[in-house]
>>> print(open('entry.cif').read())   # mmCIF, C-alpha atoms
data_final
#
loop_
_atom_site.label_atom_id
_atom_site.label_comp_id
_atom_site.auth_asym_id
_atom_site.auth_seq_id
_atom_site.Cartn_x
_atom_site.Cartn_y
_atom_site.Cartn_z
CA MET M 1 144.31 148.60 132.05
CA LEU M 2 141.38 149.72 129.92
CA GLN M 3 138.43 151.22 131.76
CA LEU M 4 134.97 150.64 130.29
CA LEU M 5 131.85 152.48 131.35
CA HIS M 6 128.87 150.38 130.37
CA PHE M 7 125.26 149.59 131.08
CA PRO M 8 124.72 145.80 131.31
CA LEU M 9 121.56 145.66 129.19
CA CYS M 10 122.80 148.18 126.58
CA PRO M 11 123.46 146.36 123.28
CA TYR M 12 126.24 148.75 122.27
CA SER M 13 127.99 148.27 125.62
CA ARG M 14 127.66 144.52 125.15
CA LYS M 15 129.22 144.68 121.71
CA VAL M 16 132.30 146.36 123.20
CA ARG M 17 132.46 143.96 126.16
CA VAL M 18 132.56 140.96 123.83
CA ALA M 19 135.07 142.63 121.48
CA VAL M 20 137.41 143.45 124.38
CA ARG M 21 137.36 139.83 125.50
CA GLU M 22 137.83 138.44 122.00
CA LYS M 23 140.90 140.68 121.78
CA GLU M 24 142.02 139.35 125.19
CA LEU M 25 142.45 142.88 126.51
CA PRO M 26 142.04 143.23 130.26
CA ALA M 27 139.42 145.85 131.09
CA GLU M 28 137.85 147.14 134.28
CA LEU M 29 134.11 147.59 133.93
CA THR M 30 132.08 150.27 135.66
CA LEU M 31 128.30 150.15 135.56
CA VAL M 32 126.71 153.47 134.55
CA GLU M 33 123.07 154.43 134.20
CA PRO M 34 123.41 157.24 131.62
CA TRP M 35 120.17 158.93 132.68
CA ARG M 36 121.38 159.21 136.29
CA SER M 37 125.04 160.04 135.72
CA GLY M 38 124.73 163.75 134.87
CA ASP M 39 127.83 165.87 134.39
CA SER M 40 130.40 163.16 135.11
CA LEU M 41 129.37 161.23 131.99
CA LEU M 42 128.88 164.43 129.97
CA ALA M 43 132.46 165.46 130.75
CA LEU M 44 133.70 162.26 129.14
CA ASN M 45 131.15 162.07 126.34
CA PRO M 46 129.27 165.18 125.14
CA ALA M 47 126.66 162.79 123.73
CA ALA M 48 126.06 161.51 127.32
CA GLU M 49 125.94 157.88 126.23
CA VAL M 50 127.67 154.64 127.12
CA PRO M 51 129.83 152.78 126.28
CA VAL M 52 132.88 154.95 127.03
CA LEU M 53 136.35 153.45 126.89
CA GLN M 54 139.30 155.01 128.67
CA ASP M 55 142.79 153.98 127.66
CA GLY M 56 145.02 155.94 130.00
CA GLU M 57 144.30 159.62 129.31
CA LEU M 58 142.51 158.87 126.06
CA VAL M 59 138.71 158.77 126.08
CA ILE M 60 136.97 156.96 123.22
CA VAL M 61 133.21 157.10 122.74
CA ASP M 62 130.65 155.49 120.43
CA SER M 63 130.70 151.71 120.24
CA ALA M 64 131.67 151.60 116.55
CA VAL M 65 134.53 154.02 117.16
CA ILE M 66 135.71 152.00 120.18
CA CYS M 67 135.71 148.80 118.12
CA GLU M 68 137.74 150.43 115.33
CA TYR M 69 140.16 151.69 117.99
CA LEU M 70 140.53 148.23 119.55
CA ASP M 71 141.24 146.75 116.12
CA GLU M 72 143.93 149.38 115.50
CA VAL M 73 145.77 149.02 118.80
CA ARG M 74 145.34 145.22 118.97
CA PRO M 75 145.12 143.93 115.38
CA GLU M 76 144.96 140.23 116.34
CA PRO M 77 142.62 138.46 116.26
CA ALA M 78 141.26 140.59 113.41
CA LEU M 79 137.60 141.37 114.10
CA ILE M 80 136.95 143.54 111.05
CA GLY M 81 138.76 141.51 108.41
CA LYS M 82 142.08 141.70 106.61
CA THR M 83 141.43 143.04 103.09
CA PRO M 84 139.51 146.25 102.27
CA ALA M 85 136.75 144.09 100.76
CA GLU M 86 136.43 141.94 103.89
CA ARG M 87 136.48 145.03 106.06
CA ALA M 88 133.75 146.69 103.97
CA GLU M 89 131.54 143.62 104.34
CA THR M 90 132.04 143.39 108.12
CA ARG M 91 131.37 147.11 108.56
CA ARG M 92 128.27 146.92 106.33
CA LEU M 93 126.75 144.30 108.61
CA VAL M 94 127.78 146.14 111.77
CA ALA M 95 126.04 149.25 110.38
CA TRP M 96 123.02 147.05 109.55
CA PHE M 97 122.64 145.83 113.14
CA ASP M 98 123.74 149.04 114.88
CA GLY M 99 121.49 151.15 112.67
CA LYS M 100 118.73 149.45 110.69
CA PHE M 101 118.06 146.68 113.22
CA VAL M 102 118.02 149.19 116.06
CA ARG M 103 115.55 151.48 114.28
CA GLU M 104 113.27 148.65 113.18
CA VAL M 105 113.48 146.33 116.19
CA THR M 106 115.54 147.20 119.28
CA ASP M 107 114.26 150.74 119.72
CA LEU M 108 110.67 149.54 119.44
CA ILE M 109 110.97 146.63 121.88
CA TRP M 110 113.91 147.14 124.22
CA ARG M 111 113.57 150.89 124.58
CA GLU M 112 109.84 150.56 125.19
CA LYS M 113 109.81 147.55 127.50
CA LEU M 114 113.08 147.89 129.36
CA ILE M 115 114.51 151.41 129.25
CA LYS M 116 111.14 153.15 129.72
CA ARG M 117 110.49 150.89 132.70
CA ILE M 118 113.75 151.40 134.55
CA LYS M 119 114.40 154.99 133.50
CA ASP M 120 110.97 156.61 133.38
CA LYS M 121 108.82 154.09 135.28
CA GLU M 122 106.49 154.22 132.29
CA THR M 123 104.57 151.45 130.60
CA PRO M 124 105.56 150.50 127.06
CA ASP M 125 103.72 151.68 123.97
CA SER M 126 102.24 148.31 123.01
CA ARG M 127 101.76 149.36 119.39
CA ALA M 128 105.48 150.12 119.02
CA VAL M 129 106.36 146.78 120.62
CA ARG M 130 104.06 144.95 118.20
CA VAL M 131 105.67 146.65 115.20
CA GLY M 132 109.14 145.72 116.52
CA LEU M 133 108.12 142.10 117.05
CA GLY M 134 106.74 142.06 113.52
CA ASN M 135 110.01 143.39 112.08
CA ILE M 136 112.31 140.91 113.80
CA ASP M 137 111.54 137.97 111.48
CA LEU M 138 113.09 139.60 108.41
CA HIS M 139 116.33 140.18 110.30
CA LEU M 140 116.47 136.63 111.69
CA ALA M 141 115.84 135.31 108.19
CA TYR M 142 118.71 137.48 106.92
CA ILE M 143 121.03 136.07 109.61
CA ALA M 144 120.04 132.52 108.62
CA TYR M 145 120.58 133.39 104.94
CA LEU M 146 124.11 134.67 105.63
CA PHE M 147 124.94 131.81 107.99
CA GLU M 148 123.91 129.20 105.40
CA ARG M 149 126.46 130.62 102.98
CA ARG M 150 129.31 131.47 105.34
CA ASN M 151 131.06 130.16 108.40
CA TRP M 152 130.19 133.35 110.30
CA LEU M 153 128.00 136.30 109.25
CA ALA M 154 130.66 138.30 107.41
CA GLY M 155 132.92 135.47 106.25
CA GLU M 156 135.16 132.65 107.43
CA THR M 157 135.98 133.97 110.89
CA LEU M 158 134.08 135.50 113.78
CA SER M 159 133.87 139.27 113.29
CA LEU M 160 132.27 142.39 114.66
CA ALA M 161 129.29 141.60 112.45
CA ASP M 162 128.50 138.55 114.61
CA ILE M 163 129.24 140.46 117.79
CA ALA M 164 127.03 143.44 116.82
CA ALA M 165 124.13 141.19 115.81
CA ALA M 166 124.39 138.98 118.90
CA ALA M 167 124.66 142.01 121.20
CA GLN M 168 121.35 143.36 119.88
CA LEU M 169 119.60 140.00 120.00
CA SER M 170 120.92 139.24 123.48
CA VAL M 171 119.06 142.13 125.10
CA LEU M 172 115.86 141.11 123.33
CA ASP M 173 116.48 137.51 124.37
CA TYR M 174 116.80 138.66 128.00
CA MET M 175 113.14 139.65 127.71
CA GLY M 176 112.23 136.48 125.82
CA ASP M 177 111.37 138.41 122.66
CA VAL M 178 113.32 136.47 120.04
CA PRO M 179 111.23 133.86 118.17
CA TRP M 180 114.09 131.36 117.84
CA ASP M 181 111.78 128.45 117.08
CA ARG M 182 110.65 130.07 113.84
CA HIS M 183 114.28 130.57 112.75
CA PRO M 184 116.38 127.43 113.31
CA GLY M 185 119.25 128.76 111.17
CA ALA M 186 119.55 131.95 113.19
CA LYS M 187 119.24 129.89 116.40
CA LEU M 188 122.14 127.69 115.34
CA TRP M 189 124.30 130.75 114.69
CA TYR M 190 123.29 132.32 118.02
CA SER M 191 124.01 129.15 120.01
CA ARG M 192 127.47 129.16 118.47
CA ILE M 193 128.34 132.68 119.58
CA LYS M 194 126.49 132.25 122.89
CA SER M 195 128.83 129.43 123.87
CA ARG M 196 132.00 131.49 123.38
CA PRO M 197 133.84 132.43 126.59
CA SER M 198 133.67 136.12 125.55
CA PHE M 199 129.89 135.95 125.69
CA ARG M 200 129.52 134.32 129.11
CA PRO M 201 129.62 137.49 131.25
CA LEU M 202 126.58 138.80 129.36
CA LEU M 203 124.63 135.71 130.34
CA ALA M 204 125.33 136.41 134.01
CA ASP M 205 123.88 139.96 133.85
CA ARG M 206 120.76 140.48 135.93
CA LEU M 207 118.67 143.62 136.30
CA PRO M 208 117.09 143.91 139.75
CA ALA M 209 113.95 145.38 138.19
CA LEU M 210 113.47 142.66 135.59
CA LYS M 211 114.33 138.97 135.63
CA PRO M 212 115.52 137.38 132.39
CA ALA M 213 113.56 134.81 130.40
CA ASP M 214 114.10 131.23 131.64
CA HIS M 215 116.26 130.14 128.71
CA TYR M 216 118.37 133.31 128.72
CA ASP M 217 121.60 131.80 130.07
CA ASP M 218 120.92 128.28 128.77
CA LEU M 219 123.53 127.30 126.17
CA ASP M 220 121.23 124.54 124.95
CA PHE M 221 118.11 126.71 124.57
CA MET Q 1 136.76 154.25 87.57
CA LEU Q 2 134.62 154.27 90.69
CA GLN Q 3 130.86 154.25 90.19
CA LEU Q 4 128.76 156.08 92.77
CA LEU Q 5 125.00 155.78 93.05
CA HIS Q 6 123.73 158.84 94.88
CA PHE Q 7 120.79 161.11 95.47
CA PRO Q 8 121.80 164.78 95.16
CA LEU Q 9 120.00 166.03 98.26
CA CYS Q 10 120.95 163.04 100.44
CA PRO Q 11 123.44 164.15 103.11
CA TYR Q 12 125.16 160.74 103.23
CA SER Q 13 125.59 160.73 99.44
CA ARG Q 14 127.03 164.24 99.69
CA LYS Q 15 129.53 163.16 102.33
CA VAL Q 16 130.87 160.50 99.96
CA ARG Q 17 130.91 162.85 96.95
CA VAL Q 18 133.08 165.34 98.85
CA ALA Q 19 135.35 162.61 100.25
CA VAL Q 20 135.90 161.13 96.78
CA ARG Q 21 136.94 164.54 95.44
CA GLU Q 22 139.18 165.32 98.42
CA LYS Q 23 140.91 162.00 97.68
CA GLU Q 24 141.14 163.03 94.00
CA LEU Q 25 139.57 159.76 92.92
CA PRO Q 26 137.73 159.91 89.60
CA ALA Q 27 134.15 158.67 90.00
CA GLU Q 28 131.15 158.42 87.73
CA LEU Q 29 127.97 159.52 89.46
CA THR Q 30 124.53 158.06 88.79
CA LEU Q 31 121.46 159.71 90.24
CA VAL Q 32 119.15 157.28 92.04
CA GLU Q 33 115.85 157.86 93.78
CA PRO Q 34 115.89 154.97 96.27
CA TRP Q 35 112.10 154.87 96.60
CA ARG Q 36 111.70 154.40 92.82
CA SER Q 37 114.63 152.09 92.10
CA GLY Q 38 113.14 148.78 93.28
CA ASP Q 39 115.04 145.56 92.77
CA SER Q 40 118.04 147.00 90.93
CA LEU Q 41 119.11 148.92 94.07
CA LEU Q 42 118.11 146.05 96.37
CA ALA Q 43 120.39 143.69 94.44
CA LEU Q 44 123.34 145.95 95.23
CA ASN Q 45 122.30 146.95 98.74
CA PRO Q 46 119.89 144.82 100.80
CA ALA Q 47 119.21 147.96 102.85
CA ALA Q 48 117.91 149.65 99.63
CA GLU Q 49 119.70 152.90 100.39
CA VAL Q 50 122.17 155.20 98.66
CA PRO Q 51 125.05 155.93 98.52
CA VAL Q 52 126.41 152.77 96.90
CA LEU Q 53 129.99 152.69 95.63
CA GLN Q 54 131.17 150.20 93.02
CA ASP Q 55 134.88 149.63 92.63
CA GLY Q 56 135.07 147.13 89.79
CA GLU Q 57 133.23 144.02 91.00
CA LEU Q 58 133.21 145.17 94.60
CA VAL Q 59 130.06 146.82 95.97
CA ILE Q 60 130.39 148.95 99.10
CA VAL Q 61 127.37 150.34 100.92
CA ASP Q 62 126.74 152.66 103.88
CA SER Q 63 128.41 156.06 103.72
CA ALA Q 64 130.61 155.46 106.78
CA VAL Q 65 131.78 152.13 105.37
CA ILE Q 66 132.49 153.73 101.98
CA CYS Q 67 134.56 156.47 103.62
CA GLU Q 68 136.60 153.92 105.61
CA TYR Q 69 137.14 152.01 102.37
CA LEU Q 70 138.31 155.12 100.50
CA ASP Q 71 140.76 155.89 103.30
CA GLU Q 72 142.15 152.34 103.12
CA VAL Q 73 142.63 152.18 99.35
CA ARG Q 74 143.78 155.82 99.04
CA PRO Q 75 145.44 156.79 102.33
CA GLU Q 76 146.48 160.30 101.21
CA PRO Q 77 145.27 162.86 101.99
CA ALA Q 78 144.30 161.25 105.32
CA LEU Q 79 140.68 162.11 106.07
CA ILE Q 80 140.32 160.14 109.33
CA GLY Q 81 143.65 161.03 110.96
CA LYS Q 82 147.00 159.35 111.42
CA THR Q 83 147.18 158.11 115.03
CA PRO Q 84 144.56 155.93 116.74
CA ALA Q 85 143.68 158.91 118.98
CA GLU Q 86 143.16 161.26 116.02
CA ARG Q 87 141.15 158.60 114.24
CA ALA Q 88 138.94 158.02 117.30
CA GLU Q 89 138.21 161.76 117.52
CA THR Q 90 137.35 162.07 113.82
CA ARG Q 91 135.12 159.01 113.96
CA ARG Q 92 133.42 160.26 117.13
CA LEU Q 93 132.39 163.46 115.35
CA VAL Q 94 131.35 161.61 112.19
CA ALA Q 95 129.12 159.41 114.38
CA TRP Q 96 127.79 162.57 116.05
CA PHE Q 97 126.67 164.14 112.76
CA ASP Q 98 125.65 160.91 111.02
CA GLY Q 99 123.70 159.74 114.08
CA LYS Q 100 122.80 162.24 116.78
CA PHE Q 101 122.47 165.25 114.44
CA VAL Q 102 120.36 163.22 112.02
CA ARG Q 103 117.99 162.01 114.75
CA GLU Q 104 117.67 165.44 116.37
CA VAL Q 105 117.70 167.70 113.32
CA THR Q 106 117.94 166.31 109.77
CA ASP Q 107 115.25 163.65 110.10
CA LEU Q 108 112.85 166.20 111.58
CA ILE Q 109 113.41 168.93 108.98
CA TRP Q 110 114.81 167.44 105.78
CA ARG Q 111 112.84 164.21 105.87
CA GLU Q 112 109.64 166.08 106.62
CA LYS Q 113 110.02 169.03 104.25
CA LEU Q 114 111.94 167.52 101.37
CA ILE Q 115 111.72 163.73 101.25
CA LYS Q 116 108.03 163.58 102.16
CA ARG Q 117 107.33 166.14 99.45
CA ILE Q 118 109.18 164.48 96.61
CA LYS Q 119 108.62 160.88 97.64
CA ASP Q 120 105.14 160.80 99.11
CA LYS Q 121 103.68 164.15 97.93
CA GLU Q 122 102.76 164.72 101.56
CA THR Q 123 102.91 167.90 103.60
CA PRO Q 124 105.40 168.07 106.46
CA ASP Q 125 104.49 167.50 110.09
CA SER Q 126 105.00 171.08 111.25
CA ARG Q 127 105.49 170.02 114.87
CA ALA Q 128 108.41 167.78 113.93
CA VAL Q 129 109.95 170.59 111.83
CA ARG Q 130 109.66 173.00 114.78
CA VAL Q 131 111.40 170.54 117.10
CA GLY Q 132 114.20 170.06 114.54
CA LEU Q 133 114.64 173.81 114.12
CA GLY Q 134 114.82 174.12 117.91
CA ASN Q 135 117.51 171.46 118.15
CA ILE Q 136 119.82 172.91 115.52
CA ASP Q 137 121.23 175.70 117.72
CA LEU Q 138 122.97 173.34 120.13
CA HIS Q 139 124.75 171.63 117.24
CA LEU Q 140 125.83 174.91 115.62
CA ALA Q 141 127.13 176.08 118.98
CA TYR Q 142 129.09 172.84 119.31
CA ILE Q 143 130.63 173.38 115.85
CA ALA Q 144 131.62 176.91 116.85
CA TYR Q 145 133.06 175.60 120.13
CA LEU Q 146 135.24 173.05 118.32
CA PHE Q 147 136.25 175.49 115.58
CA GLU Q 148 137.41 178.07 118.15
CA ARG Q 149 139.83 175.53 119.56
CA ARG Q 150 141.01 173.78 116.43
CA ASN Q 151 141.88 174.50 112.84
CA TRP Q 152 139.16 172.13 111.65
CA LEU Q 153 136.48 170.26 113.66
CA ALA Q 154 138.55 167.19 114.59
CA GLY Q 155 142.04 168.75 114.60
CA GLU Q 156 144.62 170.47 112.46
CA THR Q 157 143.51 169.23 109.05
CA LEU Q 158 140.26 168.85 107.18
CA SER Q 159 138.71 165.48 108.01
CA LEU Q 160 135.59 163.41 107.56
CA ALA Q 161 134.22 165.18 110.64
CA ASP Q 162 134.03 168.45 108.68
CA ILE Q 163 132.70 166.66 105.62
CA ALA Q 164 129.99 164.79 107.57
CA ALA Q 165 128.85 167.95 109.39
CA ALA Q 166 128.86 170.09 106.24
CA ALA Q 167 127.00 167.43 104.26
CA GLN Q 168 124.16 167.45 106.79
CA LEU Q 169 124.04 171.23 107.04
CA SER Q 170 124.19 171.66 103.27
CA VAL Q 171 120.85 169.93 102.68
CA LEU Q 172 119.22 172.04 105.40
CA ASP Q 173 120.86 175.13 103.92
CA TYR Q 174 119.33 174.27 100.53
CA MET Q 175 115.97 174.85 102.20
CA GLY Q 176 117.21 177.95 104.04
CA ASP Q 177 116.83 176.28 107.43
CA VAL Q 178 120.21 177.01 109.01
CA PRO Q 179 120.24 180.11 111.27
CA TRP Q 180 123.78 181.19 110.35
CA ASP Q 181 123.32 184.71 111.67
CA ARG Q 182 122.90 183.43 115.21
CA HIS Q 183 126.11 181.39 114.93
CA PRO Q 184 128.96 183.42 113.39
CA GLY Q 185 131.60 180.87 114.46
CA ALA Q 186 129.80 178.00 112.72
CA LYS Q 187 129.20 180.25 109.69
CA LEU Q 188 132.93 180.98 109.45
CA TRP Q 189 133.70 177.26 109.52
CA TYR Q 190 131.00 176.52 106.91
CA SER Q 191 132.18 179.27 104.56
CA ARG Q 192 135.63 177.70 104.72
CA ILE Q 193 134.50 174.24 103.65
CA LYS Q 194 131.93 175.67 101.24
CA SER Q 195 134.70 177.35 99.25
CA ARG Q 196 136.67 174.15 98.71
CA PRO Q 197 136.65 172.79 95.14
CA SER Q 198 135.38 169.43 96.47
CA PHE Q 199 132.23 171.15 97.69
CA ARG Q 200 131.34 173.07 94.52
CA PRO Q 201 129.35 170.30 92.76
CA LEU Q 202 126.96 170.21 95.73
CA LEU Q 203 126.23 173.90 95.29
CA ALA Q 204 125.21 173.28 91.69
CA ASP Q 205 122.59 170.65 92.63
CA ARG Q 206 119.01 171.63 91.86
CA LEU Q 207 115.83 169.67 92.54
CA PRO Q 208 113.13 170.32 89.94
CA ALA Q 209 110.46 170.17 92.65
CA LEU Q 210 112.13 172.65 95.01
CA LYS Q 211 114.35 175.64 94.36
CA PRO Q 212 117.18 176.32 96.82
CA ALA Q 213 117.34 179.29 99.17
CA ASP Q 214 118.80 182.42 97.52
CA HIS Q 215 122.12 182.28 99.39
CA TYR Q 216 122.58 178.52 98.85
CA ASP Q 217 125.40 178.69 96.30
CA ASP Q 218 126.75 182.05 97.48
CA LEU Q 219 130.28 181.66 98.87
CA ASP Q 220 129.94 185.02 100.62
CA PHE Q 221 126.59 184.28 102.25
#
>>> encode(input="entry.cif", output="structure tokens")
Amino acid sequence: MLQLLHFPLCPYSRKVRVAVREKELPAELTLVEPWRSGDSLLALNPAAEVPVLQDGELVIVDSAVICEYLDEVRPEPALIGKTPAERAETRRLVAWFDGKFVREVTDLIWREKLIKRIKDKETPDSRAVRVGLGNIDLHLAYIAYLFERRNWLAGETLSLADIAAAAQLSVLDYMGDVPWDRHPGAKLWYSRIKSRPSFRPLLADRLPALKPADHYDDLDF
Amino acid sequence: MLQLLHFPLCPYSRKVRVAVREKELPAELTLVEPWRSGDSLLALNPAAEVPVLQDGELVIVDSAVICEYLDEVRPEPALIGKTPAERAETRRLVAWFDGKFVREVTDLIWREKLIKRIKDKETPDSRAVRVGLGNIDLHLAYIAYLFERRNWLAGETLSLADIAAAAQLSVLDYMGDVPWDRHPGAKLWYSRIKSRPSFRPLLADRLPALKPADHYDDLDF
């Protein structure tokens, strides 16, 4: 069975958790707090980050690398696409949410409000949080734009693009920081992925130090 | 023929330029300054970044996505690896240099000293540059560590891991900011990739606003 080291409120860990379930691959999850794990995590991943996937003796790190690996060893259902053009479009959007969205939104809200709190016991930089909250609208509008034109974000079928975007938004939604009411198109898309069985375990996550927003696990939010 | 929009001193553009030549794919290069290109770049890439690859009607953006695409449409020579395990190791190191190295080194040196200068006519934040210069040793030591154990960074053959690492280091080397003398193992590896025909065009790049370090195009540096 696959072994997955993850942190429940880490968006990259969440992306892999959903992908593993969409692929119907059994996996045993182990909760890791990277900042407390020291050498045991470092021995598996020199970058000292989660998620880490172990498939027998093989150790795979970095969420994008893990997702490519899963798609290679279990091609169906295809989560990246079939043709090179489809695959380029899925990967473009994954890079958008894993990179651009993280720099412009997640790092400024989630890292400040959640990670600083549980890791460093520090208060958030409220200016950074404000900038992140200001940046989120453009991304939600982009999701709505894509979803108006396609069945899912990257094309006709659910893909890693949806999973990467929803994983990021889900940790912000835990804190009640996603202005869904201003973006009905993005909300419609999110309610669709939120109701998938692969997504349910994320909605059951609870951090002892921080309760989720009231609507967090509500499928009819 | 492939069309590649690039900026000469952009490490991600350089990664793609080397990959295209290693694949022996003819490509026409167009120089783009992303901060001056406005809507024409935005129409191709909503993230408004280079590199952008055009293959006929198809537009592919994000350097990692472009490299995956090249490996799919032209599998030989393999630049990611053959088995899922080899491919996971190559991609792990690409993610290391494209992500961790950029955050800890390139963004603090290259963005401050070069991009700020040519884009914003601003002077660099010397504190950020110092932090970047302090972080580079760990990465050069890691390159030496890998190169002692393997023929190339990710295994027996040249891969995108080497190309990604060398692309980052090459823009720092243009400014003379790589302490090669402290890291003879990393220097040996770099001299090996630097002497490949695919790498030569990078050594001929010159920015009007900034001359390269004296040893920049010297193969016996």
>>> closest_residue(input="entry.cif", among="Q:Ala164, Q:Val59, Q:Ala204, Q:Ala213", to="chain M", atoms="all atoms listed in the file")
Q:Val59
>>> interface_residues(input="entry.cif", of="chain M", to="chain Q", cutoff="10 Å", atoms="all atoms listed in the file", output="number ranges by chain")
M: 45-47, 58-73, 83-85, 87-96, 99-100, 142
>>> write_last_selection(input="entry.cif", atoms="C-alpha atoms", output="PDB file, in the frame of the given file")
ATOM      1  CA  ASN M  45     131.150 162.070 126.340  1.00  0.00           C
ATOM      2  CA  PRO M  46     129.270 165.180 125.140  1.00  0.00           C
ATOM      3  CA  ALA M  47     126.660 162.790 123.730  1.00  0.00           C
ATOM      4  CA  LEU M  58     142.510 158.870 126.060  1.00  0.00           C
ATOM      5  CA  VAL M  59     138.710 158.770 126.080  1.00  0.00           C
ATOM      6  CA  ILE M  60     136.970 156.960 123.220  1.00  0.00           C
ATOM      7  CA  VAL M  61     133.210 157.100 122.740  1.00  0.00           C
ATOM      8  CA  ASP M  62     130.650 155.490 120.430  1.00  0.00           C
ATOM      9  CA  SER M  63     130.700 151.710 120.240  1.00  0.00           C
ATOM     10  CA  ALA M  64     131.670 151.600 116.550  1.00  0.00           C
ATOM     11  CA  VAL M  65     134.530 154.020 117.160  1.00  0.00           C
ATOM     12  CA  ILE M  66     135.710 152.000 120.180  1.00  0.00           C
ATOM     13  CA  CYS M  67     135.710 148.800 118.120  1.00  0.00           C
ATOM     14  CA  GLU M  68     137.740 150.430 115.330  1.00  0.00           C
ATOM     15  CA  TYR M  69     140.160 151.690 117.990  1.00  0.00           C
ATOM     16  CA  LEU M  70     140.530 148.230 119.550  1.00  0.00           C
ATOM     17  CA  ASP M  71     141.240 146.750 116.120  1.00  0.00           C
ATOM     18  CA  GLU M  72     143.930 149.380 115.500  1.00  0.00           C
ATOM     19  CA  VAL M  73     145.770 149.020 118.800  1.00  0.00           C
ATOM     20  CA  THR M  83     141.430 143.040 103.090  1.00  0.00           C
ATOM     21  CA  PRO M  84     139.510 146.250 102.270  1.00  0.00           C
ATOM     22  CA  ALA M  85     136.750 144.090 100.760  1.00  0.00           C
ATOM     23  CA  ARG M  87     136.480 145.030 106.060  1.00  0.00           C
ATOM     24  CA  ALA M  88     133.750 146.690 103.970  1.00  0.00           C
ATOM     25  CA  GLU M  89     131.540 143.620 104.340  1.00  0.00           C
ATOM     26  CA  THR M  90     132.040 143.390 108.120  1.00  0.00           C
ATOM     27  CA  ARG M  91     131.370 147.110 108.560  1.00  0.00           C
ATOM     28  CA  ARG M  92     128.270 146.920 106.330  1.00  0.00           C
ATOM     29  CA  LEU M  93     126.750 144.300 108.610  1.00  0.00           C
ATOM     30  CA  VAL M  94     127.780 146.140 111.770  1.00  0.00           C
ATOM     31  CA  ALA M  95     126.040 149.250 110.380  1.00  0.00           C
ATOM     32  CA  TRP M  96     123.020 147.050 109.550  1.00  0.00           C
ATOM     33  CA  GLY M  99     121.490 151.150 112.670  1.00  0.00           C
ATOM     34  CA  LYS M 100     118.730 149.450 110.690  1.00  0.00           C
ATOM     35  CA  TYR M 142     118.710 137.480 106.920  1.00  0.00           C
TER      36      TYR M 142
END
>>> atom_distance(input="entry.cif", atom1="CA of Glu28 in chain M", atom2="CA of Gln54 in chain M")
9.8 Å
>>> resolve_selection(input="entry.cif", expression="the PyMOL selection byres ((chain Q and resi 144) around 9)", output="PDB file with C-alpha atoms, in the frame of the given file")
ATOM      1  CA  HIS Q 139     124.750 171.630 117.240  1.00  0.00           C
ATOM      2  CA  LEU Q 140     125.830 174.910 115.620  1.00  0.00           C
ATOM      3  CA  ALA Q 141     127.130 176.080 118.980  1.00  0.00           C
ATOM      4  CA  TYR Q 142     129.090 172.840 119.310  1.00  0.00           C
ATOM      5  CA  ILE Q 143     130.630 173.380 115.850  1.00  0.00           C
ATOM      6  CA  TYR Q 145     133.060 175.600 120.130  1.00  0.00           C
ATOM      7  CA  LEU Q 146     135.240 173.050 118.320  1.00  0.00           C
ATOM      8  CA  PHE Q 147     136.250 175.490 115.580  1.00  0.00           C
ATOM      9  CA  GLU Q 148     137.410 178.070 118.150  1.00  0.00           C
ATOM     10  CA  ARG Q 149     139.830 175.530 119.560  1.00  0.00           C
ATOM     11  CA  LEU Q 153     136.480 170.260 113.660  1.00  0.00           C
ATOM     12  CA  HIS Q 183     126.110 181.390 114.930  1.00  0.00           C
ATOM     13  CA  PRO Q 184     128.960 183.420 113.390  1.00  0.00           C
ATOM     14  CA  GLY Q 185     131.600 180.870 114.460  1.00  0.00           C
ATOM     15  CA  ALA Q 186     129.800 178.000 112.720  1.00  0.00           C
ATOM     16  CA  LYS Q 187     129.200 180.250 109.690  1.00  0.00           C
ATOM     17  CA  LEU Q 188     132.930 180.980 109.450  1.00  0.00           C
ATOM     18  CA  TRP Q 189     133.700 177.260 109.520  1.00  0.00           C
TER      19      TRP Q 189
END
>>> residues_near_point(input="entry.cif", point="(110.5, 151.4, 121.6)", cutoff="10 Å", atoms="all atoms listed in the file", output="list in words")
Val102, Arg103, Glu104, Val105, Thr106, Asp107, Leu108, Ile109, Trp110, Arg111, Glu112, Lys113, Leu114, Ile115, Lys116, Pro124, Asp125, Ser126, Arg127, Ala128, Val129, Arg130, Val131 and Gly132 of chain M
>>> closest_residue(input="entry.cif", among="Q:Leu44, Q:Val18, Q:Arg182, Q:Tyr190", to="Leu138 in chain Q", atoms="only C-alpha atoms")
Q:Arg182
>>> atom_distance(input="entry.cif", atom1="CA of Tyr216 in chain Q", atom2="CA of Ile193 in chain Q")
13.5 Å
>>> atom_distance(input="entry.cif", atom1="CA of Pro51 in chain Q", atom2="CA of Glu86 in chain M")
18.8 Å
